[in-house]
file work.csv (CSV, C-alpha atoms and all ligand atoms)
chain,number,residue,atom,x,y,z
A,1,MET,CA,36.6,96.3,110.4
A,2,SER,CA,39.9,94.3,110.5
A,3,PHE,CA,42.1,94.7,113.6
A,4,LEU,CA,45.1,94.8,111.3
A,5,SER,CA,45.9,97.9,109.3
A,6,GLN,CA,44.8,98.3,105.7
A,7,THR,CA,48.4,99.3,104.9
A,8,LEU,CA,49.6,95.8,105.9
A,9,ALA,CA,47.0,94.2,103.6
A,10,ARG,CA,48.8,95.7,100.7
A,11,VAL,CA,52.1,93.8,101.3
A,12,LYS,CA,53.0,90.1,101.2
A,13,PRO,CA,55.4,88.2,103.4
A,14,SER,CA,58.9,87.7,101.9
A,15,PRO,CA,58.8,84.7,99.5
A,16,THR,CA,62.5,84.1,100.0
A,17,ILE,CA,61.9,83.6,103.7
A,18,ALA,CA,59.0,81.2,102.9
A,19,VAL,CA,61.3,79.1,100.8
A,20,SER,CA,63.9,79.0,103.6
A,21,ASN,CA,61.2,78.0,106.1
A,22,LEU,CA,60.0,75.1,103.8
A,23,ALA,CA,63.6,73.9,103.4
A,24,MET,CA,64.1,74.0,107.2
A,25,ASP,CA,60.9,72.0,107.7
A,26,LEU,CA,62.1,69.3,105.3
A,27,LYS,CA,65.5,69.3,107.0
A,28,ALA,CA,63.8,68.8,110.4
A,29,GLN,CA,62.0,65.8,108.9
A,30,GLY,CA,65.4,64.3,108.2
A,31,ARG,CA,65.5,65.1,104.4
A,32,ASP,CA,68.8,65.8,102.8
A,33,VAL,CA,68.3,69.4,101.8
A,34,ILE,CA,70.7,71.8,99.9
A,35,SER,CA,69.4,75.3,100.3
A,36,LEU,CA,70.4,77.7,97.6
A,37,GLY,CA,68.0,80.3,98.8
A,38,ALA,CA,70.0,82.4,101.2
A,39,GLY,CA,71.3,85.8,100.2
A,40,GLU,CA,74.4,85.9,102.4
A,41,PRO,CA,78.1,84.9,102.1
A,42,ASP,CA,79.0,81.6,103.6
A,43,PHE,CA,82.2,82.8,105.3
A,44,ASP,CA,82.6,84.5,108.7
A,45,THR,CA,83.1,88.2,109.3
A,46,PRO,CA,86.8,88.9,109.0
A,47,GLU,CA,88.8,88.6,112.2
A,48,ASN,CA,89.8,92.3,112.5
A,49,ILE,CA,86.2,93.3,112.2
A,50,ARG,CA,85.1,90.9,114.8
A,51,ALA,CA,87.9,92.1,117.1
A,52,ALA,CA,86.7,95.7,116.7
A,53,GLY,CA,83.2,94.6,117.9
A,54,ILE,CA,84.7,92.9,120.9
A,55,ARG,CA,86.8,95.9,121.7
A,56,ALA,CA,83.8,98.2,121.5
A,57,ILE,CA,82.0,96.0,124.1
A,58,GLU,CA,85.1,95.9,126.3
A,59,GLU,CA,85.5,99.7,126.1
A,60,GLY,CA,81.9,100.2,127.1
A,61,LYS,CA,80.8,101.6,123.7
A,62,THR,CA,77.4,100.1,124.5
A,63,ARG,CA,75.2,103.2,125.0
A,64,TYR,CA,72.8,105.1,122.7
A,65,THR,CA,74.6,106.9,119.9
A,66,ALA,CA,73.6,109.7,117.7
A,67,VAL,CA,70.4,108.6,115.9
A,68,ASP,CA,71.9,108.1,112.5
A,69,GLY,CA,75.4,107.1,113.3
A,70,ILE,CA,78.6,107.9,115.2
A,71,PRO,CA,80.9,110.6,113.7
A,72,GLU,CA,83.7,108.0,113.3
A,73,LEU,CA,81.5,105.8,111.1
A,74,LYS,CA,80.2,108.7,109.1
A,75,GLN,CA,83.7,109.8,108.5
A,76,ALA,CA,84.7,106.3,107.4
A,77,ILE,CA,81.7,106.3,105.0
A,78,CYS,CA,82.7,109.7,103.5
A,79,ALA,CA,86.2,108.3,103.0
A,80,LYS,CA,84.8,105.1,101.4
A,81,PHE,CA,82.7,107.1,98.9
A,82,LYS,CA,85.7,109.2,97.9
A,83,ARG,CA,88.0,106.2,97.6
A,84,ASP,CA,85.7,103.8,95.8
A,85,ASN,CA,83.4,106.0,93.9
A,86,GLY,CA,85.1,109.4,93.6
A,87,LEU,CA,82.1,111.0,95.4
A,88,ASP,CA,82.5,113.9,97.9
A,89,TYR,CA,80.1,113.8,100.8
A,90,THR,CA,80.3,115.5,104.2
A,91,PRO,CA,79.2,113.6,107.4
A,92,LYS,CA,75.9,115.7,107.4
A,93,GLN,CA,75.1,114.1,104.1
A,94,VAL,CA,75.4,110.6,105.5
A,95,THR,CA,72.9,108.4,107.4
A,96,VAL,CA,73.5,105.0,109.0
A,97,GLY,CA,70.7,102.5,109.6
A,98,THR,CA,70.1,99.0,110.8
A,99,GLY,CA,71.0,97.4,107.5
A,100,GLY,CA,70.6,98.7,104.0
A,101,LYS,CA,67.0,97.6,104.2
A,102,GLN,CA,66.2,100.1,106.9
A,103,VAL,CA,67.9,102.9,105.0
A,104,LEU,CA,65.8,102.1,101.9
A,105,TYR,CA,62.7,101.8,104.0
A,106,ASN,CA,63.4,105.1,105.8
A,107,ALA,CA,64.1,106.9,102.5
A,108,LEU,CA,60.8,105.7,100.9
A,109,MET,CA,58.8,106.4,104.1
A,110,ALA,CA,60.3,109.9,104.3
A,111,THR,CA,59.5,110.8,100.7
A,112,LEU,CA,56.5,109.0,99.3
A,113,ASN,CA,53.0,110.4,99.2
A,114,HIS,CA,49.9,108.7,98.0
A,115,ASP,CA,50.1,107.9,94.3
A,116,ASP,CA,53.8,108.7,94.0
A,117,GLU,CA,55.4,106.2,91.6
A,118,VAL,CA,58.6,104.4,92.0
A,119,ILE,CA,60.2,102.8,88.9
A,120,ILE,CA,61.6,99.4,89.6
A,121,PRO,CA,63.4,97.2,87.0
A,122,ALA,CA,62.1,93.6,87.2
A,123,PRO,CA,63.3,91.1,88.3
A,124,TYR,CA,63.9,93.0,91.5
A,125,TRP,CA,64.9,92.4,95.1
A,126,VAL,CA,61.8,91.1,96.7
A,127,SER,CA,61.5,93.9,99.3
A,128,TYR,CA,61.4,96.9,96.9
A,129,PRO,CA,57.7,96.7,95.8
A,130,ASP,CA,56.5,95.9,99.3
A,131,ILE,CA,58.3,98.8,100.9
A,132,VAL,CA,57.0,101.1,98.3
A,133,LEU,CA,53.5,99.9,99.0
A,134,LEU,CA,53.9,100.2,102.7
A,135,ALA,CA,55.0,103.7,102.3
A,136,GLY,CA,51.8,104.4,100.2
A,137,GLY,CA,53.5,104.6,96.8
A,138,ILE,CA,52.9,102.7,93.6
A,139,PRO,CA,55.6,100.4,92.2
A,140,VAL,CA,56.0,100.7,88.4
A,141,PHE,CA,57.8,97.8,86.9
A,142,VAL,CA,60.1,97.8,83.9
A,143,GLU,CA,61.1,94.4,82.5
A,144,ALA,CA,64.8,93.7,82.3
A,145,THR,CA,64.6,90.8,79.9
A,146,LEU,CA,66.8,87.8,79.4
A,147,GLU,CA,67.4,89.0,75.8
A,148,ASN,CA,68.8,92.2,77.2
A,149,ASP,CA,71.0,90.5,79.8
A,150,PHE,CA,68.5,91.5,82.5
A,151,LYS,CA,69.1,95.2,82.0
A,152,ILE,CA,66.5,97.8,81.1
A,153,THR,CA,67.0,100.1,78.1
A,154,PRO,CA,66.9,103.9,78.1
A,155,ASP,CA,63.8,103.7,76.0
A,156,GLN,CA,62.0,101.6,78.5
A,157,LEU,CA,63.0,104.0,81.3
A,158,GLU,CA,61.8,107.0,79.3
A,159,LYS,CA,58.4,105.4,78.7
A,160,ALA,CA,57.9,104.5,82.3
A,161,ILE,CA,58.4,108.0,83.6
A,162,THR,CA,55.3,110.0,84.3
A,163,ARG,CA,54.6,113.3,86.2
A,164,ASN,CA,54.0,111.1,89.3
A,165,THR,CA,57.4,109.4,89.2
A,166,LYS,CA,59.3,110.2,92.3
A,167,TRP,CA,62.1,107.7,92.3
A,168,PHE,CA,64.0,105.5,89.9
A,169,LEU,CA,65.2,102.6,92.0
A,170,PHE,CA,68.4,101.2,90.6
A,171,ASN,CA,70.3,98.1,91.7
A,172,SER,CA,73.6,97.0,90.1
A,173,PRO,CA,75.0,94.3,90.4
A,174,SER,CA,71.5,93.0,90.9
A,175,ASN,CA,69.7,90.7,93.3
A,176,PRO,CA,68.4,88.4,91.8
A,177,THR,CA,70.1,88.3,88.4
A,178,GLY,CA,73.7,89.4,89.2
A,179,ALA,CA,73.5,91.7,86.2
A,180,GLY,CA,75.8,94.7,86.4
A,181,TYR,CA,75.5,97.9,84.2
A,182,SER,CA,78.6,99.1,82.5
A,183,TRP,CA,79.5,102.8,82.6
A,184,ASP,CA,78.1,103.3,79.1
A,185,GLU,CA,74.9,101.4,79.9
A,186,LEU,CA,74.3,103.4,83.1
A,187,LYS,CA,75.2,106.7,81.3
A,188,ALA,CA,72.5,106.0,78.8
A,189,LEU,CA,70.0,105.7,81.6
A,190,THR,CA,71.2,108.8,83.4
A,191,ASP,CA,70.9,110.7,80.1
A,192,VAL,CA,67.2,109.9,80.3
A,193,LEU,CA,67.0,111.1,83.9
A,194,MET,CA,68.6,114.4,83.0
A,195,ARG,CA,65.6,115.1,80.8
A,196,HIS,CA,63.2,114.6,83.8
A,197,PRO,CA,64.4,116.8,86.7
A,198,HIS,CA,61.5,115.8,89.0
A,199,VAL,CA,62.8,112.1,89.2
A,200,TRP,CA,65.2,111.2,91.9
A,201,VAL,CA,67.6,108.3,91.9
A,202,LEU,CA,67.6,105.7,94.7
A,203,THR,CA,70.6,103.5,93.9
A,204,ASP,CA,71.1,100.3,95.9
A,205,ASP,CA,74.9,99.5,95.6
A,206,MET,CA,74.8,96.7,98.1
A,207,TYR,CA,76.8,94.3,95.8
A,208,GLU,CA,79.3,96.9,94.7
A,209,HIS,CA,82.3,94.8,95.8
A,210,LEU,CA,81.0,91.5,94.4
A,211,ALA,CA,82.1,92.1,90.8
A,212,TYR,CA,83.9,89.6,88.6
A,213,ASP,CA,86.1,89.3,85.6
A,214,ASP,CA,86.7,92.7,84.1
A,215,PHE,CA,83.4,94.2,85.2
A,216,LYS,CA,83.9,97.7,86.7
A,217,PHE,CA,81.3,98.8,89.2
A,218,CYS,CA,79.9,102.4,88.8
A,219,THR,CA,77.1,104.3,90.5
A,220,PRO,CA,74.7,107.0,89.1
A,221,ALA,CA,76.1,110.1,90.8
A,222,GLN,CA,79.6,109.1,89.7
A,223,VAL,CA,78.5,108.5,86.0
A,224,GLU,CA,76.4,111.7,85.9
A,225,PRO,CA,77.6,114.3,88.5
A,226,ARG,CA,74.7,116.5,87.6
A,227,LEU,CA,72.4,113.9,89.3
A,228,TYR,CA,74.4,114.3,92.6
A,229,ASP,CA,71.7,116.7,94.1
A,230,ARG,CA,68.9,114.2,93.5
A,231,THR,CA,70.5,110.9,94.2
A,232,LEU,CA,70.5,108.8,97.4
A,233,THR,CA,73.4,106.3,97.2
A,234,VAL,CA,72.7,103.3,99.5
A,235,ASN,CA,75.3,100.8,100.5
A,236,GLY,CA,76.2,98.6,103.4
A,237,VAL,CA,78.6,96.2,105.0
A,238,SER,CA,76.4,93.1,104.9
A,239,LYS,CA,77.5,91.4,101.7
A,240,ALA,CA,81.1,92.4,101.0
A,241,TYR,CA,82.2,92.1,104.6
A,242,ALA,CA,80.1,89.1,105.5
A,243,MET,CA,78.3,91.1,108.2
A,244,THR,CA,74.6,90.3,107.5
A,245,GLY,CA,73.8,89.8,111.2
A,246,TRP,CA,75.5,93.0,112.4
A,247,ARG,CA,72.8,95.1,110.6
A,248,ILE,CA,74.6,98.1,109.3
A,249,GLY,CA,73.7,99.9,106.1
A,250,TYR,CA,74.2,103.5,105.1
A,251,ALA,CA,73.5,106.1,102.5
A,252,ALA,CA,74.6,109.5,101.3
A,253,GLY,CA,72.7,112.3,99.6
A,254,PRO,CA,71.3,115.8,99.9
A,255,GLU,CA,71.3,117.1,103.5
A,256,THR,CA,67.5,117.8,103.6
A,257,LEU,CA,66.8,114.2,102.6
A,258,ILE,CA,69.2,112.8,105.1
A,259,ALA,CA,67.5,115.0,107.8
A,260,ALA,CA,64.1,113.5,106.8
A,261,ILE,CA,65.5,110.0,107.0
A,262,ARG,CA,66.9,110.8,110.4
A,263,LYS,CA,63.5,111.9,111.5
A,264,VAL,CA,61.9,108.6,110.5
A,265,GLN,CA,64.7,106.7,112.3
A,266,SER,CA,64.4,108.8,115.4
A,267,GLN,CA,60.8,107.8,115.9
A,268,SER,CA,61.3,104.2,115.1
A,269,THR,CA,64.5,102.3,116.0
A,270,SER,CA,66.8,105.2,117.0
A,271,ASN,CA,70.5,104.4,116.5
A,272,PRO,CA,71.8,101.2,114.9
A,273,CYS,CA,73.6,98.9,117.3
A,274,SER,CA,76.6,100.8,118.8
A,275,ILE,CA,78.9,97.7,118.7
A,276,SER,CA,78.1,97.0,115.1
A,277,GLN,CA,78.8,100.6,114.2
A,278,TRP,CA,82.4,100.3,115.6
A,279,ALA,CA,82.8,97.0,113.7
A,280,ALA,CA,81.7,98.8,110.5
A,281,VAL,CA,84.3,101.5,111.1
A,282,GLU,CA,86.9,98.8,111.0
A,283,ALA,CA,85.3,97.1,108.0
A,284,LEU,CA,85.5,100.4,106.0
A,285,ASN,CA,88.8,101.7,107.2
A,286,GLY,CA,90.7,98.4,107.7
A,287,PRO,CA,92.3,96.2,105.1
A,288,GLN,CA,90.2,95.4,102.0
A,289,ASP,CA,92.5,92.7,100.7
A,290,PHE,CA,90.3,89.8,101.5
A,291,ILE,CA,87.7,91.0,98.9
A,292,ALA,CA,89.7,90.1,95.8
A,293,PRO,CA,90.4,86.4,96.8
A,294,ASN,CA,86.8,86.0,97.8
A,295,ASN,CA,85.7,87.3,94.4
A,296,VAL,CA,88.0,84.8,92.7
A,297,MET,CA,86.2,82.1,94.7
A,298,PHE,CA,82.7,83.5,93.9
A,299,ALA,CA,83.5,83.7,90.2
A,300,ARG,CA,84.7,80.1,90.1
A,301,ARG,CA,81.4,79.0,91.8
A,302,ARG,CA,79.4,81.1,89.4
A,303,ASP,CA,81.1,79.5,86.4
A,304,LEU,CA,80.5,76.0,87.9
A,305,VAL,CA,76.8,76.7,88.3
A,306,VAL,CA,76.3,78.5,85.0
A,307,GLY,CA,78.2,75.7,83.2
A,308,MET,CA,76.2,72.8,84.7
A,309,LEU,CA,72.8,74.6,84.3
A,310,ASN,CA,73.5,75.4,80.7
A,311,GLU,CA,74.0,71.7,80.0
A,312,ILE,CA,70.3,71.2,80.8
A,313,ASP,CA,67.9,71.1,77.8
A,314,GLY,CA,65.3,73.7,78.4
A,315,ILE,CA,67.4,76.0,80.7
A,316,THR,CA,69.2,79.2,79.7
A,317,CYS,CA,71.5,80.7,82.2
A,318,PRO,CA,73.4,83.9,81.4
A,319,THR,CA,76.8,84.5,83.1
A,320,PRO,CA,76.3,87.5,85.4
A,321,GLU,CA,78.8,90.3,86.2
A,322,GLY,CA,78.4,90.3,90.0
A,323,ALA,CA,76.6,89.5,93.3
A,324,PHE,CA,76.3,85.8,94.1
A,325,TYR,CA,73.2,84.9,92.2
A,326,VAL,CA,72.3,83.4,88.9
A,327,TYR,CA,68.9,83.6,87.3
A,328,PRO,CA,68.3,80.7,84.9
A,329,PHE,CA,65.3,80.8,82.6
A,330,ILE,CA,63.2,77.7,82.3
A,331,SER,CA,60.9,78.5,79.4
A,332,GLY,CA,61.9,75.1,77.8
A,333,LEU,CA,60.6,73.2,80.8
A,334,ILE,CA,57.2,74.7,81.1
A,335,GLY,CA,54.5,72.2,80.1
A,336,LYS,CA,56.6,69.2,80.9
A,337,THR,CA,55.6,66.6,83.5
A,338,THR,CA,57.4,65.0,86.4
A,339,PRO,CA,57.6,61.2,86.8
A,340,LYS,CA,54.9,61.7,89.6
A,341,GLY,CA,52.6,63.2,87.0
A,342,VAL,CA,52.9,66.9,88.1
A,343,THR,CA,52.9,69.3,85.1
A,344,ILE,CA,55.3,72.2,85.4
A,345,THR,CA,52.9,75.0,84.7
A,346,ASN,CA,55.0,77.8,86.2
A,347,ASP,CA,58.2,78.5,88.0
A,348,GLU,CA,56.6,78.1,91.5
A,349,VAL,CA,55.5,74.6,90.6
A,350,PHE,CA,59.1,73.9,89.3
A,351,ALA,CA,60.7,75.1,92.5
A,352,THR,CA,58.2,73.2,94.7
A,353,GLU,CA,58.6,69.9,92.8
A,354,LEU,CA,62.4,70.3,92.7
A,355,LEU,CA,62.5,70.7,96.4
A,356,ASN,CA,60.1,67.8,97.0
A,357,ASP,CA,61.9,65.5,94.7
A,358,THR,CA,65.6,66.4,95.1
A,359,GLY,CA,65.9,68.4,98.3
A,360,VAL,CA,67.3,71.4,96.4
A,361,ALA,CA,65.8,74.7,97.5
A,362,VAL,CA,65.8,77.6,95.1
A,363,VAL,CA,63.5,80.7,94.9
A,364,PHE,CA,61.0,80.8,92.0
A,365,GLY,CA,61.2,83.7,89.6
A,366,ALA,CA,57.6,85.0,90.1
A,367,ALA,CA,58.8,86.2,93.6
A,368,PHE,CA,61.2,88.6,91.8
A,369,GLY,CA,58.7,89.7,89.1
A,370,LEU,CA,60.1,87.9,86.0
A,371,SER,CA,59.1,84.4,85.0
A,372,PRO,CA,59.6,81.6,84.2
A,373,ALA,CA,62.9,81.4,86.0
A,374,PHE,CA,64.5,80.7,89.4
A,375,ARG,CA,67.2,82.2,91.5
A,376,ILE,CA,70.2,80.3,92.8
A,377,SER,CA,72.5,81.8,95.5
A,378,TYR,CA,75.9,80.3,94.9
A,379,ALA,CA,77.3,81.6,98.2
A,380,THR,CA,77.9,78.0,99.3
A,381,SER,CA,80.7,75.4,99.0
A,382,ASP,CA,81.8,74.0,95.6
A,383,ASP,CA,80.8,70.5,96.7
A,384,GLN,CA,77.3,71.5,97.6
A,385,LEU,CA,76.9,73.5,94.4
A,386,GLN,CA,78.1,70.5,92.3
A,387,GLU,CA,75.8,68.2,94.1
A,388,ALA,CA,72.8,70.6,93.8
A,389,CYS,CA,73.4,71.1,90.1
A,390,SER,CA,73.6,67.4,89.4
A,391,ARG,CA,70.3,66.9,91.2
A,392,ILE,CA,68.8,69.7,89.1
A,393,GLN,CA,70.1,68.0,86.0
A,394,GLY,CA,68.6,64.7,87.1
A,395,PHE,CA,65.3,66.3,87.9
A,396,CYS,CA,65.1,68.0,84.5
A,397,ALA,CA,66.2,65.0,82.6
A,398,ALA,CA,63.3,63.0,84.1
A,399,LEU,CA,60.7,65.5,82.9
A,400,THR,CA,58.7,64.4,79.9
B,501,LIG,C1,69.7,94.3,96.7
B,501,LIG,C2,69.7,94.3,98.2
B,501,LIG,N1,69.6,95.4,98.8
B,501,LIG,C3,69.6,95.5,100.1
B,501,LIG,C4,69.7,94.4,100.9
B,501,LIG,C5,69.6,94.6,102.4
B,501,LIG,O1,70.8,94.4,103.0
B,501,LIG,P1,70.9,94.5,104.6
B,501,LIG,O2,71.2,93.1,105.0
B,501,LIG,O3,72.1,95.4,104.8
B,501,LIG,O4,69.7,95.1,105.1
B,501,LIG,C6,69.8,93.2,100.3
B,501,LIG,C7,69.9,91.9,101.1
B,501,LIG,O5,69.6,90.8,100.7
B,501,LIG,C8,69.8,93.1,98.9
B,501,LIG,O6,69.9,91.9,98.2
call {"tool": "encode", "arguments": {"input": "work.csv", "output": "structure tokens", "more": "lines below"}}
Ligand SMILES: Cc1ncc(COP(=O)(O)O)c(C=O)c1O
result
Amino acid sequence: MSFLSQTLARVKPSPTIAVSNLAMDLKAQGRDVISLGAGEPDFDTPENIRAAGIRAIEEGKTRYTAVDGIPELKQAICAKFKRDNGLDYTPKQVTVGTGGKQVLYNALMATLNHDDEVIIPAPYWVSYPDIVLLAGGIPVFVEATLENDFKITPDQLEKAITRNTKWFLFNSPSNPTGAGYSWDELKALTDVLMRHPHVWVLTDDMYEHLAYDDFKFCTPAQVEPRLYDRTLTVNGVSKAYAMTGWRIGYAAGPETLIAAIRKVQSQSTSNPCSISQWAAVEALNGPQDFIAPNNVMFARRRDLVVGMLNEIDGITCPTPEGAFYVYPFISGLIGKTTPKGVTITNDEVFATELLNDTGVAVVFGAAFGLSPAFRISYATSDDQLQEACSRIQGFCAALT
């Protein structure tokens, strides 16, 4: 009998972290590495938010707090949902956790029984399937194809639903593709869900504020108010406010579900960091005016990367609506050979050879459940992106 639990055997370590580690090893060996693997903004937490954290320390707000968040933060979250999404929640319907990841983890732990199914559009954020498996459930994948702009259709959703479906896990704009569902596209999905009252909606709105051009973010409970009673809307401050290290995520939904989530949290981590909670109050209540200029910058970087990748024969890279990722498809490169004699049989080989030959670190598509592709995070400087894309161009041009 293994000392480690059987539950753990069901999950794999994060492939995105594996890529970062490999890139760091190469850097340590003195290689010139450009890492396009990280899923975080490259700018610092805004000054007013940092100051709120410092103030919290100086004012001694350093003790345990209520398990799932201080009242001031819950109030700020309710105000945010009203302001940005037109959704009415009371503080009792709100939970705060140590990052969006913990909130998702708690929600699945609190609700999944053996054989419960969770529908996950693929490509997906790497943690979804593994959290579902850890919680004892079964991930059911629905392919969001390149041809359909990385979005699933109502028909696909309808076909994936069974009597065992507990959750539909939705993420727009998406990690890893950046694809964002318009109001009409989302409404078509919620129409399907209205026909299946046993299915709940777990929506991960982490990239809400990272939306470009004329794309307008919307969330399921807003698009179909009749889903309000069976929707958990998850969000957080990590991405839009450059607060990945502060570890604050939150969700709103029915009170009974929120109480169940609180129970899981009370027996694991207890409250999220008190200082970070006060910083998050400032993030949500304070000025939001830095978001728009940041988005102009992100959209420019997106266009730079998409433009340079689409110049490559064998690569197709759609222009996404949001987040800070692109997901180029490399079907035209599969079967080709590098000058060293390595045949590109799949996207993992592509990413490995690209890193070895050029020092550019990207994450291979199989990690996200849709191949052959790779993910680039463009949350890095224009110069680095330009250099990385020229290296990718050179690498691909040398394939025969
Ligand atoms: C889609 C998605 N959801 C949730 C998270 C988790 O965010 P947090 O850092 O708040 O745990 C991430 C982080 O990469 C993400 O990409």
call {"tool": "residues_near_ligand", "arguments": {"input": "work.csv", "ligand": "ligand LIG 501 (chain B)", "cutoff": "7 Å", "atoms": "only C-alpha atoms and all ligand atoms", "output": "PyMOL selection string"}}
result
chain A and resi 39+98-102+125+171+174-175+204+206+236-238+244+247-249
call {"tool": "closest_atom_pairs", "arguments": {"input": "work.csv", "of": "range 142-191 of chain A", "to": "range 375-380 of chain A", "cutoff": "10 Å", "atoms": "only C-alpha atoms", "output": "Markdown table"}}
result
| residue | atom | partner | partner_atom | distance |
| --- | --- | --- | --- | --- |
| A:Asn175 | CA | A:Arg375 | CA | 9.0 |
| A:Pro176 | CA | A:Arg375 | CA | 6.3 |
| A:Thr177 | CA | A:Arg375 | CA | 7.4 |
| A:Gly178 | CA | A:Ser377 | CA | 9.9 |
call {"tool": "closest_residue", "arguments": {"input": "work.csv", "among": "A:Pro129, A:Pro254, A:Ile49, A:Asp214", "to": "Ser276 in chain A", "atoms": "only C-alpha atoms"}}
result
A:Ile49
call {"tool": "closest_residue", "arguments": {"input": "work.csv", "among": "A:Leu304, A:Val142, A:Ala260, A:Ala23", "to": "Gln384 in chain A", "atoms": "all atoms listed in the file"}}
result
A:Leu304
call {"tool": "closest_residue", "arguments": {"input": "work.csv", "among": "A:Asp130, A:Ser182, A:Ala361, A:Phe170", "to": "Met24 in chain A", "atoms": "only C-alpha atoms"}}
result
A:Ala361
call {"tool": "closest_residue", "arguments": {"input": "work.csv", "among": "A:Thr162, A:Thr316, A:Asn85, A:Thr352", "to": "Glu208 in chain A", "atoms": "only C-alpha atoms"}}
result
A:Asn85
call {"tool": "residues_around", "arguments": {"input": "work.csv", "residues": "Ala221 in chain A", "least_positions_apart": "6", "cutoff": "8 Å", "atoms": "all atoms listed in the file", "output": "PDB file with C-alpha atoms, keeping the file's coordinate frame"}}
result
ATOM      1  CA  LEU A  87      82.100 111.000  95.400  1.00  0.00           C
ATOM      2  CA  LEU A 227      72.400 113.900  89.300  1.00  0.00           C
ATOM      3  CA  TYR A 228      74.400 114.300  92.600  1.00  0.00           C
ATOM      4  CA  THR A 231      70.500 110.900  94.200  1.00  0.00           C
ATOM      5  CA  THR A 233      73.400 106.300  97.200  1.00  0.00           C
TER       6      THR A 233
END
call {"tool": "closest_residue", "arguments": {"input": "work.csv", "among": "A:Thr95, A:Thr358, A:Thr62, A:Thr319", "to": "Gln393 in chain A", "atoms": "all atoms listed in the file"}}
result
A:Thr358
call {"tool": "closest_residue", "arguments": {"input": "work.csv", "among": "A:Val360, A:Leu22, A:Ala179, A:Leu8", "to": "Leu36 in chain A", "atoms": "only C-alpha atoms"}}
result
A:Val360
call {"tool": "atom_distance", "arguments": {"input": "work.csv", "atom1": "CA of Phe395 in chain A", "atom2": "CA of Leu355 in chain A"}}
result
10.0 Å
